[in-house]
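Visitor: Provided herewith is a single structure, encoded as structure tokens, for subsequent inquiry.
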Amino acid sequence: MDTVKQFDLARLRVRDLNQYLHHELPGSGIERVEILNPDGNHSIAVGLDCDVAVDILGHAGYFIAGMNKLAAVTVHGNVGWSVAENIMSGSVRVKGHASESAGASGHGGLVVIEGDASSRCGISMKGCDIVVGGSVGHFSAFMAQAGTLVVCGDAGPNLGDSLYEATIYVRGRIHSLGADAREEEMQSADLERVSGLLAASGIDCDSREFKRVASARSLYHWNAEAHQEY
Amino acid sequence: MCGIVGLLLKKSETRASLGQLVTPMLVCMGTRGPDSAGLAVYHELLGPGQTRYSLFAESPGFDWQSFHERFIHETGNEGSIRSIENHAMEISSIQVDRFKAWLRESHSDVNLVSVGSAIEIFKDEGPPDEIARRYHFTELNGSHAVGHTRMATESAVSPAHAHPYTAGRDFCLVHNGSLSNPYSIRRKLESRGIAFETDNDTEAGCRFLEWRMREGDTLEQAIATSFSELDGFFTFLMATADRMVLVRDAFACKPAVVAETDDYVAVASEFRSLAHLPRIKTANVFEPAPEQIYSWTL
């Protein structure tokens with residue numbers, strides 16, 4: 001039996017594709033789905049809930065592979081806003097660049113952006129891991145609560161603003177840190193964590209070149225004497 | 001929301017295809033802006049002293065031929081007119097101030113939409129695909145075009161409130177976003193004798209930039225000033241007779257994507273507007289960075 005299925009979005013609607021992925025695919029024996037001509041369409045392969053490989057062959061639009069569970073989605077091109085938003089498990093890999101809010105609010109799983117990610121990468125992440133081969137834009141990891149953001153290039157303004165318990169590692173230059181984010185010393189556990197994520201992502205960098213950014217936790221409790229100055 | 005599109009053709013031999021390439025870009029952005037749309041097209045520069053006047057008549061079935069004959073008769077100027085539906089372009093050597101005065105006197109039901117040597121602006125109310133069909137956008141040719149699909153959030157839906165906005169000669173601007181201080185900008189400009197045609201926030205931004213340029217700024221300097229003067233969100237796509245210029249504000253929460261090949265530069269709010277363009281699969285596709293000015297010259 002053929003275990004690969006192709007969908008051509010020049011001929012079929014995204015809704016038809018997603019209905020297939022949700023209802024017909026699980027238990028069908030198909031192991032890989034190839035999506036042709038994504039042409040910037042939004043919401044491709046959202047809400048997957050089974051162990052399948054999905055390859056999107058070209059540039060895609062917003063919300064690609066949102067809410068992903070178990071599946072391994074690869075985009076062979078760029079993506080628009082909010083790729084892998086609210087990812088629960090599995091993996092989402094973008095071989096090109098990602099626009100704003102990549103991995104936003106992700107609970108688990110691995111998001112890999114091989115190129116650059118734009119602003120607000122990992123905003124409000126809640127436990128997923130994000131590895132960016134290039135640089136990230138402003139306000140990345142804003143209010144990130146848990147999980148890891150690894151940036152192999154540079155980070156834009158206000159990195160980790162209002163950070164909770166997520167940890168950020170940056171190899172290049174940090175333009176500026178956001179409120180309550182601070183640089184901390186790399187420990188052996190950090191080196192191990194970064195090495196593991198780089199290996200899982202297939203990105204060849206030396207973990208000893210990274211800086212660690214975490215929350216100073218000074219915003220955790222209301223300070224009436226701070227007069228809104230942090 | 002709103003959608004913006006722009007296309008600049010680098011090779012003069014491809015100019016006949018401008019309309020065919022840019023129309024699907026605009027129509028695709030109809031989902032981001034369903035209430036009105038507009039397109040600025042840049043033609044060959046006219047000879048010295050000649051001006052193109054884009055006109056919009058509010059009433060359907062407007063008699064453009066009578067309009068033109070009355071213009072010739074009453075002003076004593078030569079001219080030629082080309083019209084389609086509610087839109088017309090009069091080309092004449094009449095002085096701009098005299099043309100405006102004549103129009104105000106004789107045709108209060110006709111709006112002057114643009115003035116310049118190269119620019120022609122079409123804009124109207126309704127779904128963008130209908131507007132594109134109504135004015136035969138696919139048949140347009142020229143060197144570059146800038147378009148907009150509007151989802152109104154802060155002022156009325158009308159042909160006059162549709163983008164592109166224009167000020168001065170051959171300058172136009174389309175805007176995705178919203179300005180928070182258009183009235184203070186407007187008061188500042190009105191006290192310098194600059195007149196406004198609508199209460200739209202984008203018109204304030206457009207007239208601000210054009211005013212700075214008349215004061216001697218380059219477009220780049222004017223944009224740099226706007227970063228501190230204009231409060232709000234914007235992705236601005238602008239054009240002059242020989243340039244297309246793109247800029248996003250510091251927060252960059254209004255999207256844009258650029259695709260460039262040896263043949264063209266294309267800009268749109270979303271990549272799906274660019275997906276049909278020739279050799280898009282090998283184009284250099286990138287997202288413009290905040291507060292960086294991107295400029296492409298013919």
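Here, A, B, ... name the chains of the structure tokens in the order displayed, residue numbers run from 1 inside each chain, and ligands are numbered from 1 in the same displayed order.
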Quick one: which residues from chain A are at most 10 Å off chain B, using only C-alpha atoms, as a list in words?

Guide: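 So the residues of chain A near chain B are Asn37, Pro38, Asp39, Gly40, Asn41, His42, Gly58, His59, Ala60, Gly61, Tyr62, Gly77, Asn78, Val79, Gly80, Trp81, Gly96, His97, Ala98, Ser99, Glu100, Asp116, Ala117, Ser118, Ser119, Arg120, Gly137, His138 and Phe139 of chain A.
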
Visitor: Applying 8 Å and only C-alpha atoms, which residues near Leu48 in chain A remain after dropping the ones on its own chain fewer than 2 positions away? List them as a list in words.

Guide: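 Close residues of Leu48 in chain A: Leu21, His22, Ala45, Val46, Cys50, Ala65, Met67, Asn68, Lys69, Leu70 and Ala71 of chain A.
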
Visitor: Determine the nearest neighbour of Leu12 in chain A from the options A:Ile64, A:Ile30, A:Leu36, A:Val151, counting only C-alpha atoms.

Guide: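 Residue with the minimum atom-to-atom distance to Leu12 in chain A: A:Leu36.
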
Visitor: When you draw a straight line from CA of Leu7 in chain B to CA of Leu246 in chain B, how long is it in Å?

Guide: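 The value is 11.6 Å.
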
Visitor: From range 3-179 of chain B, collect each residue whose DSSP state is helix (DSSP H, G or I) and return the set as a ChimeraX atom specification.

Guide: /B:12-31,64-75,96-106,128-134,137-139
